[in-house]
>>> print(open('start_12.pdb').read())   # PDB, C-alpha atoms
ATOM      1  CA  MET E  14     -26.382  93.700 -49.697
ATOM      2  CA  ILE E  15     -29.679  93.273 -47.810
ATOM      3  CA  LYS E  16     -32.389  95.154 -49.714
ATOM      4  CA  LEU E  17     -35.101  96.545 -47.466
ATOM      5  CA  GLY E  18     -38.599  97.836 -48.085
ATOM      6  CA  LEU E  19     -40.014 100.465 -45.709
ATOM      7  CA  ILE E  20     -43.761 100.664 -45.028
ATOM      8  CA  GLY E  21     -44.517 103.891 -43.176
ATOM      9  CA  ALA E  22     -42.515 106.996 -44.063
ATOM     10  CA  GLY E  23     -43.326 109.125 -41.038
ATOM     11  CA  GLY E  24     -40.759 110.445 -38.589
ATOM     12  CA  ILE E  25     -39.525 107.131 -37.199
ATOM     13  CA  GLY E  26     -39.542 105.519 -40.656
ATOM     14  CA  ARG E  27     -37.332 108.294 -41.991
ATOM     15  CA  MET E  28     -35.065 107.963 -38.957
ATOM     16  CA  HIS E  29     -34.562 104.241 -39.635
ATOM     17  CA  THR E  30     -33.932 105.059 -43.291
ATOM     18  CA  ASP E  31     -31.185 107.560 -42.427
ATOM     19  CA  ILE E  32     -29.559 105.068 -40.048
ATOM     20  CA  ILE E  33     -29.542 102.277 -42.630
ATOM     21  CA  MET E  34     -28.415 104.420 -45.556
ATOM     22  CA  ASN E  35     -25.662 106.231 -43.663
ATOM     23  CA  GLN E  36     -24.489 104.045 -40.778
ATOM     24  CA  ILE E  37     -25.014 100.377 -41.647
ATOM     25  CA  PRO E  38     -22.855  98.868 -44.407
ATOM     26  CA  GLY E  39     -24.387  95.837 -46.059
ATOM     27  CA  ALA E  40     -27.986  97.069 -46.141
ATOM     28  CA  GLU E  41     -29.995  99.677 -48.000
ATOM     29  CA  ILE E  42     -33.565 100.903 -48.332
ATOM     30  CA  VAL E  43     -34.675 100.180 -51.907
ATOM     31  CA  ALA E  44     -38.448 100.726 -51.655
ATOM     32  CA  VAL E  45     -40.906 102.811 -49.653
ATOM     33  CA  SER E  46     -44.674 102.840 -49.261
ATOM     34  CA  ASP E  47     -46.868 105.212 -47.296
ATOM     35  CA  ILE E  48     -50.486 106.352 -47.464
ATOM     36  CA  SER E  49     -49.084 109.876 -47.903
ATOM     37  CA  ALA E  50     -47.361 110.654 -51.216
ATOM     38  CA  GLU E  51     -45.767 113.625 -49.473
ATOM     39  CA  ASN E  52     -44.141 111.351 -46.888
ATOM     40  CA  ARG E  53     -42.871 109.007 -49.589
ATOM     41  CA  ALA E  54     -41.380 111.976 -51.445
ATOM     42  CA  LYS E  55     -39.428 113.027 -48.356
ATOM     43  CA  ILE E  56     -37.481 109.781 -48.702
ATOM     44  CA  THR E  57     -37.282 109.482 -52.498
ATOM     45  CA  ASP E  58     -36.171 113.110 -52.852
ATOM     46  CA  GLN E  59     -33.341 112.509 -50.382
ATOM     47  CA  TYR E  60     -32.490 109.042 -51.721
ATOM     48  CA  PRO E  61     -33.382 108.957 -55.460
ATOM     49  CA  SER E  62     -32.526 105.245 -55.769
ATOM     50  CA  VAL E  63     -35.513 104.327 -53.557
ATOM     51  CA  LYS E  64     -38.601 103.201 -55.480
ATOM     52  CA  SER E  65     -42.008 104.488 -54.344
ATOM     53  CA  PHE E  66     -44.936 102.053 -54.027
ATOM     54  CA  ASP E  67     -48.569 103.156 -53.694
ATOM     55  CA  ASP E  68     -49.583  99.690 -52.453
ATOM     56  CA  PRO E  69     -47.617  98.319 -49.461
ATOM     57  CA  HIS E  70     -48.567  94.757 -50.397
ATOM     58  CA  GLU E  71     -46.883  95.205 -53.775
ATOM     59  CA  LEU E  72     -43.754  96.318 -51.936
ATOM     60  CA  ILE E  73     -43.894  93.205 -49.757
ATOM     61  CA  LYS E  74     -44.297  90.894 -52.772
ATOM     62  CA  SER E  75     -41.716  92.716 -54.898
ATOM     63  CA  SER E  76     -38.532  90.909 -55.875
ATOM     64  CA  LEU E  77     -36.719  94.161 -55.061
ATOM     65  CA  THR E  78     -37.028  93.568 -51.312
ATOM     66  CA  ASP E  79     -35.346  90.902 -49.178
ATOM     67  CA  ALA E  80     -36.894  92.083 -45.897
ATOM     68  CA  VAL E  81     -39.443  94.620 -44.667
ATOM     69  CA  ILE E  82     -39.581  97.352 -42.006
ATOM     70  CA  VAL E  83     -43.036  98.339 -40.709
ATOM     71  CA  THR E  84     -43.376 101.767 -39.069
ATOM     72  CA  THR E  85     -47.034 102.544 -39.785
ATOM     73  CA  TRP E  86     -49.906 103.288 -37.378
ATOM     74  CA  ASP E  87     -50.190 100.667 -34.632
ATOM     75  CA  ARG E  88     -53.581  99.416 -35.859
ATOM     76  CA  THR E  89     -52.098  98.487 -39.271
ATOM     77  CA  HIS E  90     -49.142  96.459 -38.002
ATOM     78  CA  GLU E  91     -50.945  93.117 -38.014
ATOM     79  CA  GLU E  92     -51.841  93.402 -41.704
ATOM     80  CA  PHE E  93     -48.368  94.210 -42.971
ATOM     81  CA  VAL E  94     -46.446  91.961 -40.580
ATOM     82  CA  THR E  95     -48.526  88.872 -41.377
ATOM     83  CA  ALA E  96     -48.280  89.608 -45.107
ATOM     84  CA  SER E  97     -44.479  89.798 -44.816
ATOM     85  CA  ILE E  98     -44.308  86.521 -42.892
ATOM     86  CA  LYS E  99     -46.520  84.774 -45.452
ATOM     87  CA  ALA E 100     -44.248  86.133 -48.196
ATOM     88  CA  GLY E 101     -41.299  84.469 -46.443
ATOM     89  CA  LYS E 102     -39.570  87.765 -45.643
ATOM     90  CA  HIS E 103     -37.975  88.894 -42.408
ATOM     91  CA  VAL E 104     -39.869  91.825 -40.944
ATOM     92  CA  PHE E 105     -38.911  94.435 -38.359
ATOM     93  CA  CYS E 106     -41.992  95.992 -36.728
ATOM     94  CA  GLU E 107     -41.862  99.088 -34.562
ATOM     95  CA  LYS E 108     -43.464  98.804 -31.138
ATOM     96  CA  PRO E 109     -46.158  98.056 -30.222
ATOM     97  CA  LEU E 110     -46.449  94.853 -32.208
ATOM     98  CA  ALA E 111     -50.211  95.434 -32.487
ATOM     99  CA  ASP E 112     -52.984  97.307 -30.716
ATOM    100  CA  THR E 113     -54.685  94.161 -29.319
ATOM    101  CA  THR E 114     -53.577  90.809 -27.955
ATOM    102  CA  LYS E 115     -55.823  89.128 -30.537
ATOM    103  CA  ALA E 116     -53.842  90.752 -33.345
ATOM    104  CA  CYS E 117     -50.590  89.628 -31.685
ATOM    105  CA  VAL E 118     -51.916  86.061 -31.485
ATOM    106  CA  ASN E 119     -52.769  86.181 -35.195
ATOM    107  CA  ILE E 120     -49.193  87.238 -35.946
ATOM    108  CA  MET E 121     -47.777  84.446 -33.784
ATOM    109  CA  GLU E 122     -50.007  81.900 -35.505
ATOM    110  CA  ALA E 123     -48.789  83.092 -38.913
ATOM    111  CA  GLU E 124     -45.172  82.783 -37.808
ATOM    112  CA  ILE E 125     -45.666  79.345 -36.262
ATOM    113  CA  ALA E 126     -47.388  78.185 -39.459
ATOM    114  CA  ALA E 127     -44.388  79.470 -41.447
ATOM    115  CA  GLY E 128     -42.148  77.226 -39.360
ATOM    116  CA  LYS E 129     -39.483  79.747 -38.310
ATOM    117  CA  ARG E 130     -39.035  83.184 -36.799
ATOM    118  CA  TYR E 131     -39.412  86.001 -39.290
ATOM    119  CA  LEU E 132     -40.374  88.846 -36.918
ATOM    120  CA  THR E 133     -38.379  91.217 -34.713
ATOM    121  CA  VAL E 134     -40.189  93.838 -32.601
ATOM    122  CA  GLY E 135     -38.642  97.286 -32.121
ATOM    123  CA  PHE E 136     -38.177  97.319 -28.359
ATOM    124  CA  MET E 137     -34.962  99.327 -28.699
ATOM    125  CA  ARG E 138     -34.388  99.917 -24.975
ATOM    126  CA  ARG E 139     -32.853  96.446 -24.817
ATOM    127  CA  TYR E 140     -29.995  97.940 -26.851
ATOM    128  CA  ASP E 141     -29.449 101.037 -24.679
ATOM    129  CA  SER E 142     -26.137 100.944 -22.806
ATOM    130  CA  GLY E 143     -27.748 102.066 -19.548
ATOM    131  CA  TYR E 144     -30.362  99.315 -19.521
ATOM    132  CA  VAL E 145     -27.694  96.791 -20.546
ATOM    133  CA  GLN E 146     -25.660  97.794 -17.465
ATOM    134  CA  VAL E 147     -28.708  97.341 -15.215
ATOM    135  CA  LYS E 148     -29.392  93.941 -16.811
ATOM    136  CA  GLU E 149     -25.790  92.854 -16.200
ATOM    137  CA  ALA E 150     -26.024  93.920 -12.539
ATOM    138  CA  ILE E 151     -29.102  91.726 -12.112
ATOM    139  CA  ASP E 152     -27.888  88.693 -14.074
ATOM    140  CA  SER E 153     -24.486  88.671 -12.362
ATOM    141  CA  GLY E 154     -26.142  88.472  -8.934
ATOM    142  CA  ARG E 155     -24.357  91.610  -7.700
ATOM    143  CA  ILE E 156     -27.539  93.117  -6.234
ATOM    144  CA  GLY E 157     -29.230  89.849  -5.287
ATOM    145  CA  ARG E 158     -32.716  88.880  -6.392
ATOM    146  CA  PRO E 159     -34.822  91.828  -7.648
ATOM    147  CA  LEU E 160     -37.569  92.815  -5.226
ATOM    148  CA  LEU E 161     -38.831  96.187  -6.485
ATOM    149  CA  LEU E 162     -38.662  98.195  -9.718
ATOM    150  CA  HIS E 163     -39.382 101.937  -9.899
ATOM    151  CA  GLU E 164     -39.732 103.343 -13.410
ATOM    152  CA  GLN E 165     -40.561 106.748 -14.854
ATOM    153  CA  HIS E 166     -41.500 107.699 -18.415
ATOM    154  CA  ARG E 167     -41.967 111.429 -19.011
ATOM    155  CA  ASN E 168     -42.470 113.245 -22.305
ATOM    156  CA  ALA E 169     -42.426 117.013 -22.748
ATOM    157  CA  HIS E 170     -45.538 116.596 -24.892
ATOM    158  CA  PRO E 171     -47.043 113.878 -27.137
ATOM    159  CA  THR E 172     -45.892 113.577 -30.740
ATOM    160  CA  GLY E 173     -47.548 112.042 -33.770
ATOM    161  CA  GLU E 174     -51.289 111.440 -33.941
ATOM    162  CA  LYS E 175     -53.566 112.778 -31.189
ATOM    163  CA  HIS E 176     -52.704 111.083 -27.895
ATOM    164  CA  THR E 177     -55.572 109.484 -25.964
ATOM    165  CA  THR E 178     -55.800 108.028 -22.465
ATOM    166  CA  ASP E 179     -55.525 104.432 -23.673
ATOM    167  CA  MET E 180     -52.456 105.272 -25.792
ATOM    168  CA  SER E 181     -50.386 105.981 -22.673
ATOM    169  CA  ALA E 182     -50.470 102.283 -21.809
ATOM    170  CA  ASN E 183     -50.962 100.812 -25.285
ATOM    171  CA  GLY E 184     -48.379 102.930 -27.100
ATOM    172  CA  ALA E 185     -45.928 104.520 -24.657
ATOM    173  CA  LEU E 186     -45.703 102.267 -21.600
ATOM    174  CA  VAL E 187     -45.182  99.166 -23.742
ATOM    175  CA  HIS E 188     -41.492 100.102 -23.598
ATOM    176  CA  GLU E 189     -41.590  99.727 -19.798
ATOM    177  CA  PHE E 190     -43.739  96.596 -20.009
ATOM    178  CA  ASP E 191     -41.118  94.978 -22.232
ATOM    179  CA  ILE E 192     -37.944  96.208 -20.576
ATOM    180  CA  THR E 193     -39.171  95.113 -17.134
ATOM    181  CA  ARG E 194     -39.797  91.571 -18.415
ATOM    182  CA  TRP E 195     -36.365  91.590 -20.087
ATOM    183  CA  LEU E 196     -34.587  92.799 -16.963
ATOM    184  CA  THR E 197     -36.286  90.360 -14.574
ATOM    185  CA  GLY E 198     -36.990  87.372 -16.828
ATOM    186  CA  ASP E 199     -40.448  87.233 -15.251
ATOM    187  CA  GLU E 200     -44.008  87.477 -16.574
ATOM    188  CA  TYR E 201     -46.794  89.670 -15.155
ATOM    189  CA  GLU E 202     -49.567  88.365 -12.931
ATOM    190  CA  MET E 203     -51.556  91.385 -11.687
ATOM    191  CA  ALA E 204     -51.977  95.010 -12.812
ATOM    192  CA  GLN E 205     -53.526  98.218 -11.534
ATOM    193  CA  LEU E 206     -53.817 101.604 -13.245
ATOM    194  CA  ILE E 207     -54.378 104.659 -11.044
ATOM    195  CA  CYS E 208     -55.430 108.053 -12.406
ATOM    196  CA  PRO E 209     -54.391 111.027 -10.220
ATOM    197  CA  ARG E 210     -55.428 114.623 -10.891
ATOM    198  CA  SER E 211     -54.767 115.376 -14.547
ATOM    199  CA  THR E 212     -52.476 118.188 -15.670
ATOM    200  CA  ARG E 213     -54.038 121.262 -17.234
ATOM    201  CA  ASN E 214     -51.548 120.848 -20.094
ATOM    202  CA  ALA E 215     -53.234 117.663 -21.357
ATOM    203  CA  ASP E 216     -56.007 117.533 -23.962
ATOM    204  CA  GLU E 217     -59.510 117.257 -22.530
ATOM    205  CA  ASP E 218     -59.827 113.558 -23.397
ATOM    206  CA  LEU E 219     -56.404 112.595 -22.020
ATOM    207  CA  ILE E 220     -55.909 111.551 -18.407
ATOM    208  CA  ASP E 221     -52.297 112.504 -17.680
ATOM    209  CA  PRO E 222     -50.249 111.468 -15.712
ATOM    210  CA  GLN E 223     -51.071 107.838 -14.930
ATOM    211  CA  MET E 224     -49.580 105.368 -12.442
ATOM    212  CA  VAL E 225     -49.322 101.629 -13.067
ATOM    213  CA  ILE E 226     -48.585  98.975 -10.451
ATOM    214  CA  LEU E 227     -47.628  95.490 -11.586
ATOM    215  CA  ARG E 228     -46.829  92.260  -9.794
ATOM    216  CA  THR E 229     -44.863  89.544 -11.530
ATOM    217  CA  LYS E 230     -45.465  85.827 -11.110
ATOM    218  CA  GLY E 231     -42.241  85.698  -9.101
ATOM    219  CA  GLY E 232     -43.534  88.332  -6.666
ATOM    220  CA  ILE E 233     -41.605  91.398  -7.888
ATOM    221  CA  HIS E 234     -43.427  94.709  -7.321
ATOM    222  CA  VAL E 235     -43.199  97.215 -10.186
ATOM    223  CA  ASP E 236     -44.457 100.797 -10.160
ATOM    224  CA  LEU E 237     -44.502 102.879 -13.347
ATOM    225  CA  GLU E 238     -45.227 106.553 -13.941
ATOM    226  CA  ILE E 239     -46.304 107.717 -17.395
ATOM    227  CA  TYR E 240     -46.524 111.492 -17.867
ATOM    228  CA  MET E 241     -47.007 112.637 -21.460
ATOM    229  CA  ASN E 242     -47.083 116.416 -20.830
ATOM    230  CA  CYS E 243     -44.359 117.051 -18.264
ATOM    231  CA  ILE E 244     -43.269 120.100 -20.348
ATOM    232  CA  TYR E 245     -39.611 120.179 -19.243
ATOM    233  CA  GLY E 246     -38.210 117.393 -21.454
ATOM    234  CA  TYR E 247     -37.916 113.666 -22.170
ATOM    235  CA  ASP E 248     -36.949 112.002 -18.900
ATOM    236  CA  ILE E 249     -36.586 108.237 -18.380
ATOM    237  CA  HIS E 250     -35.582 106.564 -15.112
ATOM    238  CA  CYS E 251     -35.355 103.002 -13.822
ATOM    239  CA  GLU E 252     -34.215 101.626 -10.467
ATOM    240  CA  VAL E 253     -34.075  97.966  -9.479
ATOM    241  CA  VAL E 254     -33.999  97.249  -5.741
ATOM    242  CA  GLY E 255     -32.430  93.894  -4.944
ATOM    243  CA  GLU E 256     -31.724  91.904  -1.811
ATOM    244  CA  GLU E 257     -28.118  93.100  -1.542
ATOM    245  CA  GLY E 258     -28.051  96.299  -3.575
ATOM    246  CA  CYS E 259     -29.686  98.543  -6.149
ATOM    247  CA  ALA E 260     -29.088  99.246  -9.843
ATOM    248  CA  SER E 261     -30.224 102.548 -11.331
ATOM    249  CA  LEU E 262     -30.336 103.638 -14.940
ATOM    250  CA  PRO E 263     -27.591 106.243 -15.463
ATOM    251  CA  ASP E 264     -28.616 109.662 -16.694
ATOM    252  CA  PRO E 265     -27.546 110.496 -20.259
ATOM    253  CA  ALA E 266     -23.928 111.640 -20.387
ATOM    254  CA  ASN E 267     -24.529 115.367 -20.731
ATOM    255  CA  ALA E 268     -22.069 117.861 -19.263
ATOM    256  CA  VAL E 269     -22.852 119.434 -15.894
ATOM    257  CA  ILE E 270     -22.549 123.236 -16.016
ATOM    258  CA  ARG E 271     -22.155 125.502 -12.990
ATOM    259  CA  GLU E 272     -23.311 129.061 -13.652
ATOM    260  CA  ASN E 273     -25.398 131.821 -12.071
ATOM    261  CA  GLY E 274     -25.578 130.041  -8.731
ATOM    262  CA  ALA E 275     -26.883 126.780 -10.234
ATOM    263  CA  ARG E 276     -25.610 123.329 -11.186
ATOM    264  CA  LEU E 277     -27.300 122.283 -14.430
ATOM    265  CA  TYR E 278     -27.253 119.535 -17.030
ATOM    266  CA  LYS E 279     -29.278 119.180 -20.182
ATOM    267  CA  ILE E 280     -32.391 116.983 -20.341
ATOM    268  CA  ASP E 281     -33.062 115.969 -23.936
ATOM    269  CA  PRO E 282     -36.275 117.469 -25.318
ATOM    270  CA  VAL E 283     -37.294 114.407 -27.375
ATOM    271  CA  TRP E 284     -36.890 110.609 -27.341
ATOM    272  CA  VAL E 285     -34.841 110.441 -30.536
ATOM    273  CA  ASN E 286     -31.893 112.177 -28.849
ATOM    274  CA  ARG E 287     -32.041 110.126 -25.646
ATOM    275  CA  PHE E 288     -31.989 106.761 -27.442
ATOM    276  CA  ALA E 289     -30.119 107.665 -30.637
ATOM    277  CA  ASP E 290     -27.337 105.123 -30.070
ATOM    278  CA  ALA E 291     -29.794 102.392 -29.118
ATOM    279  CA  TYR E 292     -31.672 102.755 -32.417
ATOM    280  CA  VAL E 293     -28.441 102.319 -34.369
ATOM    281  CA  THR E 294     -27.351  99.295 -32.308
ATOM    282  CA  GLU E 295     -30.802  97.745 -32.642
ATOM    283  CA  MET E 296     -30.848  98.083 -36.433
ATOM    284  CA  ARG E 297     -27.295  96.774 -36.816
ATOM    285  CA  ASP E 298     -28.212  93.730 -34.750
ATOM    286  CA  TRP E 299     -31.339  93.072 -36.830
ATOM    287  CA  ILE E 300     -29.460  93.355 -40.123
ATOM    288  CA  LYS E 301     -26.852  90.854 -38.888
ATOM    289  CA  CYS E 302     -29.634  88.472 -37.859
ATOM    290  CA  VAL E 303     -31.294  88.799 -41.259
ATOM    291  CA  GLU E 304     -27.965  88.063 -42.962
ATOM    292  CA  LYS E 305     -27.604  84.894 -40.860
ATOM    293  CA  ASP E 306     -31.304  84.024 -41.246
ATOM    294  CA  SER E 307     -31.441  83.553 -37.469
ATOM    295  CA  LEU E 308     -33.264  86.052 -35.230
ATOM    296  CA  THR E 309     -32.334  86.772 -31.607
ATOM    297  CA  GLY E 310     -34.109  90.081 -30.859
ATOM    298  CA  PRO E 311     -37.527  90.749 -29.289
ATOM    299  CA  SER E 312     -40.061  88.244 -30.600
ATOM    300  CA  ALA E 313     -43.778  88.148 -31.342
ATOM    301  CA  TRP E 314     -44.239  86.633 -27.881
ATOM    302  CA  ASP E 315     -42.571  89.700 -26.350
ATOM    303  CA  GLY E 316     -44.944  91.914 -28.332
ATOM    304  CA  TYR E 317     -47.902  89.851 -27.130
ATOM    305  CA  ALA E 318     -46.810  90.022 -23.472
ATOM    306  CA  ALA E 319     -46.546  93.817 -23.622
ATOM    307  CA  ALA E 320     -49.997  94.038 -25.227
ATOM    308  CA  ALA E 321     -51.442  91.806 -22.496
ATOM    309  CA  ALA E 322     -50.099  94.145 -19.806
ATOM    310  CA  ALA E 323     -51.534  97.168 -21.649
ATOM    311  CA  GLU E 324     -54.964  95.554 -21.938
ATOM    312  CA  ALA E 325     -54.941  94.724 -18.229
ATOM    313  CA  CYS E 326     -54.194  98.377 -17.459
ATOM    314  CA  THR E 327     -57.147  99.496 -19.568
ATOM    315  CA  ARG E 328     -59.448  97.030 -17.774
ATOM    316  CA  SER E 329     -58.199  98.308 -14.433
ATOM    317  CA  ARG E 330     -58.859 101.938 -15.374
ATOM    318  CA  LEU E 331     -62.373 101.159 -16.597
ATOM    319  CA  ALA E 332     -62.986  99.314 -13.315
ATOM    320  CA  GLY E 333     -62.078 102.401 -11.300
ATOM    321  CA  GLY E 334     -58.500 101.422 -10.574
ATOM    322  CA  GLN E 335     -59.150  97.904  -9.306
ATOM    323  CA  VAL E 336     -56.395  95.295  -9.352
ATOM    324  CA  VAL E 337     -56.940  92.927 -12.284
ATOM    325  CA  LYS E 338     -55.319  89.758 -13.560
ATOM    326  CA  VAL E 339     -52.990  90.029 -16.546
ATOM    327  CA  GLU E 340     -54.598  87.489 -18.864
ATOM    328  CA  MET E 341     -52.060  85.616 -20.983
ATOM    329  CA  MET E 342     -52.150  82.409 -22.995
ATOM    330  CA  ASP E 343     -49.602  79.696 -22.316
ATOM    331  CA  LYS E 344     -46.345  80.434 -24.084
ATOM    332  CA  PRO E 345     -46.128  78.415 -27.320
ATOM    333  CA  GLU E 346     -43.267  75.954 -27.495
ATOM    334  CA  PHE E 347     -42.185  77.757 -30.685
ATOM    335  CA  TYR E 348     -41.068  80.773 -28.587
ATOM    336  CA  ARG E 349     -39.444  78.905 -25.703
TER     337      ARG E 349
END
>>> encode(input="start_12.pdb", output="structure tokens")
Amino acid sequence: MIKLGLIGAGGIGRMHTDIIMNQIPGAEIVAVSDISAENRAKITDQYPSVKSFDDPHELIKSSLTDAVIVTTWDRTHEEFVTASIKAGKHVFCEKPLADTTKACVNIMEAEIAAGKRYLTVGFMRRYDSGYVQVKEAIDSGRIGRPLLLHEQHRNAHPTGEKHTTDMSANGALVHEFDITRWLTGDEYEMAQLICPRSTRNADEDLIDPQMVILRTKGGIHVDLEIYMNCIYGYDIHCEVVGEEGCASLPDPANAVIRENGARLYKIDPVWVNRFADAYVTEMRDWIKCVEKDSLTGPSAWDGYAAAAAAEACTRSRLAGGQVVKVEMMDKPEFYR
């Protein structure tokens, strides 16, 4: 039985807890820590066997825990992930890995110093059946070499802490930054962030929607739309245009209803419904890797690459939408 400690008992932390406790044999949450006693109680009341820790570092060091899950605020990830690595414990960190590339580098340096991979980053779209089908279409050569990618990320409204302009790239679009690299096997070279007219439904200090244009080192053109206040639901799309064909992300398998002169199907209101299966598959895969002491999921380098793309987008926006270079260090041999 793999005994897990959870740091961060907000919505996504509780979701991971429910998945592990109810759907994954061979693992259990045994400890929880959160800055909010109320959040901790939401887990310990539901699962009385879970021990509550005021200090997350005590949870990390505790002999109760074999591995750690970090689902705290983005700016705290570096602290808890590096502490887990130094304690010699596998750690699963929700995306983004950190809020700066410097923090990601610090995490990589800690892992390299430890001598083996301890970290998996929660880029769960790699485990979604739709994206897996698109990946297979590319890797098999069925559509030829990828030339263009069109991607769309729409939320009915932001959730969690107050959403700012920078968070669209740093927190939300990191999913697209990662999945595009995974699909194409290519790194980014140039980036541009364009701000159109902002919706009246956004907070005053949020520019929404935003458009991002990326160019990979291999010459693939990528355009991304991020719209955090689309109102109508949670709507994700991806199309890869190749030399001999195209691969598009299938819509979720919701029934099509014909009534009152219309043909309708349900668009999920929130992300947790759209990617429910992917979260379960992701966690099962991580637990198996922890059992084998051999990680295969998204790495610290993947987290760093996504952060580098996000930082380039911020530089582009501050420069009035100019095209900027995506600045990345050489990939360490450790992650090759």
>>> resolve_selection(input="start_12.pdb", expression="the PyMOL selection byres ((chain E and resi 319) around 12)", output="NGL selection string")
:E and (108-114 or 117 or 134 or 136 or 182-195 or 200-201 or 311-318 or 320-326 or 339-341)
>>> atom_distance(input="start_12.pdb", atom1="CA of Gly23 (chain E)", atom2="CA of Asp87 (chain E)")
12.6 Å
>>> closest_atom_pairs(input="start_12.pdb", of="region 261-290 of chain E", to="region 239-250 of chain E", cutoff="9 Å", atoms="only C-alpha atoms", output="CSV")
residue,atom,partner,partner_atom,distance
E:Ser261,CA,E:His250,CA,7.7
E:Leu262,CA,E:His250,CA,6.0
E:Pro263,CA,E:His250,CA,8.0
E:Asp264,CA,E:His250,CA,7.8
E:Ile280,CA,E:Gly246,CA,5.9
E:Asp281,CA,E:Tyr247,CA,5.7
E:Pro282,CA,E:Gly246,CA,4.3
E:Val283,CA,E:Tyr247,CA,5.3
E:Trp284,CA,E:Tyr247,CA,6.1
E:Arg287,CA,E:Tyr247,CA,7.7
>>> closest_residue(input="start_12.pdb", among="E:Ser97, E:Gln205, E:Thr84, E:Asn35", to="Val337 (chain E)", atoms="only C-alpha atoms")
E:Gln205
>>> atom_distance(input="start_12.pdb", atom1="CA of Gly128 (chain E)", atom2="CA of Leu19 (chain E)")
24.2 Å
>>> resolve_selection(input="start_12.pdb", expression="the PyMOL selection byres ((chain E and resi 25-29) around 9)", output="PyMOL selection string")
chain E and resi 19-24+30-34+52+55-56+82-85+107+285+292-293+296
>>> write_last_selection(input="start_12.pdb", atoms="C-alpha atoms", output="short mmCIF file (atom, residue, chain, number, x, y, z; two decimals), in the frame of the given file")
data_model
loop_
_atom_site.label_atom_id
_atom_site.label_comp_id
_atom_site.auth_asym_id
_atom_site.auth_seq_id
_atom_site.Cartn_x
_atom_site.Cartn_y
_atom_site.Cartn_z
CA LEU E 19 -40.01 100.46 -45.71
CA ILE E 20 -43.76 100.66 -45.03
CA GLY E 21 -44.52 103.89 -43.18
CA ALA E 22 -42.52 107.00 -44.06
CA GLY E 23 -43.33 109.12 -41.04
CA GLY E 24 -40.76 110.44 -38.59
CA THR E 30 -33.93 105.06 -43.29
CA ASP E 31 -31.18 107.56 -42.43
CA ILE E 32 -29.56 105.07 -40.05
CA ILE E 33 -29.54 102.28 -42.63
CA MET E 34 -28.42 104.42 -45.56
CA ASN E 52 -44.14 111.35 -46.89
CA LYS E 55 -39.43 113.03 -48.36
CA ILE E 56 -37.48 109.78 -48.70
CA ILE E 82 -39.58 97.35 -42.01
CA VAL E 83 -43.04 98.34 -40.71
CA THR E 84 -43.38 101.77 -39.07
CA THR E 85 -47.03 102.54 -39.78
CA GLU E 107 -41.86 99.09 -34.56
CA VAL E 285 -34.84 110.44 -30.54
CA TYR E 292 -31.67 102.76 -32.42
CA VAL E 293 -28.44 102.32 -34.37
CA MET E 296 -30.85 98.08 -36.43
#
>>> atom_distance(input="start_12.pdb", atom1="CA of Tyr60 (chain E)", atom2="CA of Ala96 (chain E)")
25.9 Å
>>> resolve_selection(input="start_12.pdb", expression="the PyMOL selection byres ((chain E and resi 152-167) around 6)", output="ChimeraX atom specification")
/E:149-151,168,233-241,247-259
>>> closest_residue(input="start_12.pdb", among="E:Cys302, E:Glu91, E:Val118, E:Leu72", to="Asp343 (chain E)", atoms="all atoms listed in the file")
E:Val118
>>> closest_residue(input="start_12.pdb", among="E:Gln36, E:Tyr278, E:Val94, E:Asp298", to="Glu122 (chain E)", atoms="all atoms listed in the file")
E:Val94
>>> residues_near_point(input="start_12.pdb", point="(-24.3, 101.3, -21.2)", cutoff="12 Å", atoms="only C-alpha atoms", output="list of chain:residue names")
E:Arg138, E:Arg139, E:Tyr140, E:Asp141, E:Ser142, E:Gly143, E:Tyr144, E:Val145, E:Gln146, E:Val147, E:Lys148, E:Glu149, E:Ala150, E:Ser261, E:Leu262, E:Pro263, E:Asp264, E:Pro265, E:Ala266, E:Phe288, E:Asp290, E:Ala291, E:Thr294
>>> decode(input="start_12.pdb", residues="region 121-126 of chain E", atoms="N, CA, C and O atoms", output="PDB file, in the first residue's frame")
ATOM      1  N   MET E 121      14.671  21.441 -10.879  1.00  0.00           N
ATOM      2  CA  MET E 121      15.476  20.516 -11.671  1.00  0.00           C
ATOM      3  C   MET E 121      16.833  20.284 -11.023  1.00  0.00           C
ATOM      4  O   MET E 121      17.327  19.147 -10.986  1.00  0.00           O
ATOM      5  N   GLU E 122      17.451  21.337 -10.523  1.00  0.00           N
ATOM      6  CA  GLU E 122      18.760  21.193  -9.888  1.00  0.00           C
ATOM      7  C   GLU E 122      18.677  20.295  -8.652  1.00  0.00           C
ATOM      8  O   GLU E 122      19.579  19.482  -8.407  1.00  0.00           O
ATOM      9  N   ALA E 123      17.588  20.419  -7.892  1.00  0.00           N
ATOM     10  CA  ALA E 123      17.410  19.561  -6.720  1.00  0.00           C
ATOM     11  C   ALA E 123      17.258  18.106  -7.144  1.00  0.00           C
ATOM     12  O   ALA E 123      17.810  17.193  -6.499  1.00  0.00           O
ATOM     13  N   GLU E 124      16.530  17.874  -8.220  1.00  0.00           N
ATOM     14  CA  GLU E 124      16.307  16.504  -8.677  1.00  0.00           C
ATOM     15  C   GLU E 124      17.593  15.902  -9.253  1.00  0.00           C
ATOM     16  O   GLU E 124      17.915  14.738  -9.000  1.00  0.00           O
ATOM     17  N   ILE E 125      18.325  16.695 -10.011  1.00  0.00           N
ATOM     18  CA  ILE E 125      19.589  16.214 -10.576  1.00  0.00           C
ATOM     19  C   ILE E 125      20.569  15.883  -9.452  1.00  0.00           C
ATOM     20  O   ILE E 125      21.274  14.872  -9.495  1.00  0.00           O
ATOM     21  N   ALA E 126      20.605  16.749  -8.425  1.00  0.00           N
ATOM     22  CA  ALA E 126      21.487  16.495  -7.281  1.00  0.00           C
ATOM     23  C   ALA E 126      21.094  15.211  -6.550  1.00  0.00           C
ATOM     24  O   ALA E 126      21.959  14.502  -6.015  1.00  0.00           O
TER      25      ALA E 126
END
